[in-house]
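*Asks:* Can you keep this structure in mind? I'll have questions shortly.
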Amino acid sequence: MNIAVRLAFFMLAGVLLASCQQKTVSQNEAGLDYKDASLDVEQRVQDLLSRMTLEEKVAQMCQFVGLEHMRQAEKNLTKDELAQSDAQGFYPGLHSSDVEKMVDEGKIGSFLHVLDIEEANYLQKLAAQSRLGIPLLIGIDAIHGTALVNGATVYPTPIGLASTWDTTLVKRLSVETAREVRAAGSTWTFTPNVDVARDARWGRVGETFGEDPFLVSKMGVAMIQGLQNSNDPEKMNVLACAKHLIAGSQSVNGLNGAPTDLSERTIREVFLPPYKAAVDAGVFSVMTAHNELNGIPCHADKWMMEEVMRKELGFEGFVVSDWMDIERLHTRHLVAENQKEACYQTVMAGMDMHMHGPGFLENVVELVKEGRIPESRIEESARRILTAKFKLGLFENPFVDPEVKEKVLFNANHQNTSLEAARKSLVLLKNEKELLPLKGQGKRIFVTGSNANNQTVLGDWSHQQPDENVTTILEGIKEVAPVNCNIDFLDVGINPRNLTEQHIKQAADKAEKADYAVVVVGSNSFRWDWNEKTAGENSARSSLELFGLQRELVKAIYNTGTPTIVVLINGRPLAIDWIAENVPSVVEAWEPGSMGGLAMGELLFGQINPSAKLPVSIPRTVGQQLSIYNHKPTHYFHKYVDDETGPLFHFGYGLSYTKFNYESIQLSQPSLRAGEKLKVKVVVSNVGDRDGDEVVQLYLKDKYASVTRPVKELKAFRRIALKRGESRQVTFTITPEMMKFLGPDMTPVVEKGEFLVMVGSSSRDKDLLTIPFILK
């Protein structure tokens with residue numbers, strides 16, 4: 001919209017909002033129960049359904065991309081490119097004015113990626129003019145803040161949030177995210193991603209909470225509770241969405257959307273627990289996955305959507321397809337002869353909403369009229385979607401106030417939370433001879449690297465933000481460094497593909513003259529420069545090495561003899577074996593968000609004490625997939641002949657500037673029976689010279705079982721703060737439920753026998769205290 005049109009729109013929206021409110025009063029007087037906010041949601045939904053035509057019910061299942069999104073995609077994509085894209089969409093042969101008319105006629109129930117509140121209000125205005133005035137559900141990928149919106153607060157990506165092991169913090173920033181999502185015009189976010197990340201090649205590892213089902217579950221629940229409003233489920237902030245159902249994170253080749261072939265045991269023991277936790281937390285939407293699972297495309301998987309999610313787990317919300325994946329039942333998976341058959345398969349399998357575009361409403365209406373799909377099945381989906389709209393309060397207030405947006409987005413409180421999250425997400429992997437924190441007084445510090453001075457800190461699912469809202473690593477170092485500290489920077493470009501030998505020579509020359517060198521390397525998840533991405537959605541790698549000549553850059557600087565610190569900005573684990581062996585200090589920063597550069601500056605100069613722990617294992621090479629801590633006993637029965645066996649850095653690992661000592665592990669009793677609880681106590685002491693936070697981790701091991709069990713499993717954790725010299729006894733409670741697993745016949749069982757309790761600072765054996773107990 002140009003300025004004149006926007007001004008005209010705001011004047012019209014004010015008049016329209018008043019008229020809509022007057023219209024609501026008159027309709028209530030006319031006895032339209034669904035307009036009566038004093039009635040309960042179920043009554044209102046039933047009344048509305050009774051007034052809807054078949055076409056209007058199916059329309060609630062239809063989602064389209066936003067008008068401006070369409071216009072931009074039309075400029076950037078050909079029809080063939082559209083078929084390949086998972087990020088940009090438009091509809092050849094369907095003009096944006098046609099979509100506007102469909103909204104006015106009540107033929108669209110939802111939009112996604114409407115990034116401008118003027119457009120959001122305009123679309124809601126059109127929906128209010130339809131026969132029944134049903135408001136729109138507008139969704140957005142607010143994965144770590146509503147970062148696709150210009151001027152929003154960008155928090156660390158989920159892999160960084162998981163590194164905090166702080167569920168209270170994740171819940172708080174999710175409440176803030178919900179406020180920004182709502183203020184920006186959306187009411188539904190496609191998050192959390194509760195995929196369990198098992199393959200480091202997969203580009204979307206950074207979008208997840210890591211490799212452990214228990215940690216993923218805890219983080220996912222915290223995010224859902226913050227987004228939806230766990231205090232009053234009848235008055236939701238925004239809808240959360242657990243995705244992607246299921247197991248696309250362990251495809252056969254590490255590529256997004258490639259087939260997944262897994263046993264039912266692995267599905268149920270590894271990938272399903274976060275979904276159960278999400279359902280128990282009240283998540284109101286679930287998104288299916290691009291991939292097929294054991295030969296059945298997830299978008300046509302009735303067993304998973306209906307038998308497991310609804311009947312077994314009790315899911316009561318609605319299921320939405322992923323981007324154009326219903327069409328791909330015909331075009332990619334080749335299980336449907338045409339689009340109409342694809343619509344039939346997905347709806348009868350349990351799908352409630354089509355993302356996105358035409359070709360769904362017409363086919364589904366026709367299938368109902370032919371008697372292939374019962375109208376009662378359509379009512380199920382419409383009921384679920386309408387329930388969400390009532391719980392969100394959209395019938396009372398579908399519009400957004402621009403003044404509220406200005407007050408909410410990137411406000412001071414949200415910036416502070418983003419900074420706290422960044423501080424707690426930075427994992428100190430190595431700190432030989434206590435090189436960090438830097439003694440910056442009067443020193444010359446050389447900074448370089450492809451990720452040193454740009455917005456790679458924002459990660460995937462973010463659009464480019466105003467420069468003043470983002471602190472880069474270089475800017476953070478300059479802001480925190482002592483006044484008399486000299487910062488020298490060499491710009492080697494933002495794209496590691498373009499790093500040259502000349503850059504490396506220049507960097508080495510500058511490093512020789514410095515007291516310290518900070519080299520910021522890693523990957524690039526820029527959505528706004530899609531073709532240059534090396535991580536993120538649809539950016540899998542066949543190698544885990546640093547892209548381009550980045551390792552050579554680090555080597556050249558290290559070889560000058562200048563004490564070197566490597567900072568990794570990346571969205572997936574990287575194989576950095578040479579760096580880990582040689583460089584004295586290494587920090588895994590992931591993608592730490594708007595305030596990430598400031599947090600890194602504070603860490604480097606000792607203003608904060610690192611406390612994060614890895615939520616994934618870091619492999620030595622790409623050939624070590626699957627490199628997971630909770631593997632089976634024979635996982636390393638034999639060794640690799642060409643490299644060390646086992647991860648480079650273990651799950652749960654992370655250093656501090658202080659030292660923590662674990663001792664005096666004890667049990668409240670030597671055995672445990674059904675209905676009883678066992679207390680495990682351990683004394684944790686800060687024996688270093690500064691205050692710090694520690695994440696105390698508890699693992700269990702079943703020594704002998706009727707089916708093979710993991711060598712250890714995370715069952716509890718606690719983040720504690722200890723003053724220097726302080727000791728604290730940390731207590732965990734163990735119940736028989738924590739030892740439950742699927743027996744030989746795939747039914748849950750708790751078997752008697754000996755178990756090991758392991759408590760410590762990481763999953764690495766030498767970091768754990770161990771004590772046995774008997775389950776009777």
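Quick note on naming: the chains in the structure tokens go A, B, ... in the order shown, residues restart at 1 in each chain, and ligands are numbered from 1 in order of appearance.
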Apply DSSP to the structure's backbone, then extract all residues of range 60-180 of chain A labelled helix (DSSP H, G or I) and return them as a ChimeraX atom specification.

*Replies:* /A:67-76,79-84,96-104,117-128,158-164,167-180

*Asks:* Of the residues A:Pro437, A:Leu334, A:Arg179, A:Pro619, which is the one nearest to Leu603 in chain A, using only C-alpha atoms?

*Replies:* A:Pro437

*Asks:* Excluding Pro358 in chain A and any residue of its chain fewer than 6 positions from it, enumerate the residues within 12 Å of it, using only C-alpha atoms, and give them as a ChimeraX atom specification.

*Replies:* /A:59,61-65,89-95,98-99,102,107-108,324,326-327,339-340,343,364

*Asks:* Keeping only N, CA, C and O atoms, take the residues you just selected and write them out as an mmCIF file, in the first residue's frame.

*Replies:*
data_model
loop_
_atom_site.group_PDB
_atom_site.id
_atom_site.type_symbol
_atom_site.label_atom_id
_atom_site.label_comp_id
_atom_site.auth_asym_id
_atom_site.auth_seq_id
_atom_site.Cartn_x
_atom_site.Cartn_y
_atom_site.Cartn_z
ATOM 1 N N ALA A 59 -14.677 -23.744 4.121
ATOM 2 C CA ALA A 59 -13.856 -22.530 4.025
ATOM 3 C C ALA A 59 -13.021 -22.315 5.274
ATOM 4 O O ALA A 59 -11.909 -21.768 5.201
ATOM 5 N N MET A 61 -11.464 -24.450 6.767
ATOM 6 C CA MET A 61 -10.317 -25.339 6.624
ATOM 7 C C MET A 61 -9.301 -24.811 5.613
ATOM 8 O O MET A 61 -8.273 -25.446 5.385
ATOM 9 N N CYS A 62 -9.574 -23.651 5.017
ATOM 10 C CA CYS A 62 -8.755 -23.131 3.924
ATOM 11 C C CYS A 62 -7.885 -21.978 4.394
ATOM 12 O O CYS A 62 -8.384 -20.998 4.950
ATOM 13 N N GLN A 63 -6.614 -22.071 4.119
ATOM 14 C CA GLN A 63 -5.657 -21.025 4.462
ATOM 15 C C GLN A 63 -4.958 -20.541 3.196
ATOM 16 O O GLN A 63 -4.664 -21.338 2.297
ATOM 17 N N PHE A 64 -4.693 -19.231 3.140
ATOM 18 C CA PHE A 64 -3.984 -18.627 2.014
ATOM 19 C C PHE A 64 -2.834 -17.788 2.553
ATOM 20 O O PHE A 64 -2.855 -17.351 3.712
ATOM 21 N N VAL A 65 -1.822 -17.538 1.714
ATOM 22 C CA VAL A 65 -0.772 -16.596 2.098
ATOM 23 C C VAL A 65 -1.316 -15.183 1.966
ATOM 24 O O VAL A 65 -2.287 -14.930 1.247
ATOM 25 N N GLY A 89 5.055 -18.043 -1.690
ATOM 26 C CA GLY A 89 3.944 -18.646 -2.411
ATOM 27 C C GLY A 89 3.028 -17.626 -3.058
ATOM 28 O O GLY A 89 2.809 -16.540 -2.534
ATOM 29 N N PHE A 90 2.517 -17.964 -4.232
ATOM 30 C CA PHE A 90 1.450 -17.191 -4.872
ATOM 31 C C PHE A 90 0.642 -18.189 -5.695
ATOM 32 O O PHE A 90 0.931 -19.386 -5.723
ATOM 33 N N TYR A 91 -0.378 -17.704 -6.363
ATOM 34 C CA TYR A 91 -1.315 -18.596 -7.023
ATOM 35 C C TYR A 91 -1.487 -18.177 -8.482
ATOM 36 O O TYR A 91 -2.280 -17.269 -8.787
ATOM 37 N N PRO A 92 -0.707 -18.792 -9.392
ATOM 38 C CA PRO A 92 -0.820 -18.444 -10.813
ATOM 39 C C PRO A 92 -2.268 -18.559 -11.286
ATOM 40 O O PRO A 92 -2.943 -19.551 -11.034
ATOM 41 N N GLY A 93 -2.721 -17.503 -11.949
ATOM 42 C CA GLY A 93 -4.102 -17.487 -12.427
ATOM 43 C C GLY A 93 -5.096 -16.932 -11.428
ATOM 44 O O GLY A 93 -6.271 -16.747 -11.753
ATOM 45 N N LEU A 94 -4.640 -16.682 -10.188
ATOM 46 C CA LEU A 94 -5.512 -16.135 -9.150
ATOM 47 C C LEU A 94 -4.917 -14.821 -8.667
ATOM 48 O O LEU A 94 -3.884 -14.807 -8.002
ATOM 49 N N HIS A 95 -5.539 -13.715 -8.987
ATOM 50 C CA HIS A 95 -5.023 -12.398 -8.624
ATOM 51 C C HIS A 95 -5.347 -12.098 -7.167
ATOM 52 O O HIS A 95 -6.283 -12.656 -6.584
ATOM 53 N N ASP A 98 -8.817 -11.356 -6.459
ATOM 54 C CA ASP A 98 -9.688 -12.536 -6.375
ATOM 55 C C ASP A 98 -9.700 -13.093 -4.953
ATOM 56 O O ASP A 98 -10.742 -13.538 -4.459
ATOM 57 N N VAL A 99 -8.533 -13.074 -4.317
ATOM 58 C CA VAL A 99 -8.440 -13.551 -2.937
ATOM 59 C C VAL A 99 -9.231 -12.633 -2.009
ATOM 60 O O VAL A 99 -9.935 -13.090 -1.106
ATOM 61 N N MET A 102 -12.789 -13.530 -2.223
ATOM 62 C CA MET A 102 -13.075 -14.787 -1.524
ATOM 63 C C MET A 102 -13.237 -14.561 -0.018
ATOM 64 O O MET A 102 -14.096 -15.169 0.626
ATOM 65 N N LYS A 107 -15.075 -17.386 2.028
ATOM 66 C CA LYS A 107 -14.529 -18.620 1.461
ATOM 67 C C LYS A 107 -13.108 -18.922 1.917
ATOM 68 O O LYS A 107 -12.492 -19.873 1.436
ATOM 69 N N ILE A 108 -12.567 -18.114 2.823
ATOM 70 C CA ILE A 108 -11.235 -18.347 3.392
ATOM 71 C C ILE A 108 -11.339 -18.172 4.902
ATOM 72 O O ILE A 108 -11.918 -17.195 5.380
ATOM 73 N N MET A 324 1.950 -26.563 1.390
ATOM 74 C CA MET A 324 1.624 -27.205 0.102
ATOM 75 C C MET A 324 1.793 -28.725 0.120
ATOM 76 O O MET A 324 1.907 -29.347 -0.947
ATOM 77 N N ILE A 326 -0.283 -31.125 1.052
ATOM 78 C CA ILE A 326 -1.420 -31.921 0.574
ATOM 79 C C ILE A 326 -1.279 -32.124 -0.926
ATOM 80 O O ILE A 326 -1.467 -33.239 -1.434
ATOM 81 N N GLU A 327 -0.905 -31.053 -1.643
ATOM 82 C CA GLU A 327 -0.656 -31.174 -3.078
ATOM 83 C C GLU A 327 0.414 -32.208 -3.370
ATOM 84 O O GLU A 327 0.357 -32.928 -4.380
ATOM 85 N N GLN A 339 -5.261 -33.894 -7.450
ATOM 86 C CA GLN A 339 -5.446 -33.065 -6.266
ATOM 87 C C GLN A 339 -6.713 -33.443 -5.493
ATOM 88 O O GLN A 339 -6.726 -33.428 -4.260
ATOM 89 N N LYS A 340 -7.748 -33.788 -6.192
ATOM 90 C CA LYS A 340 -8.989 -34.171 -5.523
ATOM 91 C C LYS A 340 -8.775 -35.409 -4.653
ATOM 92 O O LYS A 340 -9.237 -35.471 -3.499
ATOM 93 N N CYS A 343 -6.899 -34.477 -1.557
ATOM 94 C CA CYS A 343 -7.782 -33.868 -0.558
ATOM 95 C C CYS A 343 -8.579 -34.936 0.179
ATOM 96 O O CYS A 343 -8.751 -34.866 1.403
ATOM 97 N N VAL A 364 -13.098 -30.531 -1.822
ATOM 98 C CA VAL A 364 -13.698 -31.125 -0.618
ATOM 99 C C VAL A 364 -15.219 -31.009 -0.667
ATOM 100 O O VAL A 364 -15.939 -31.961 -0.316
#

*Asks:* Which value, in Å to one decimal, gives the distance between CA of Ala517 in chain A and CA of Leu436 in chain A?

*Replies:*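 These atoms are spaced 11.9 Å apart.
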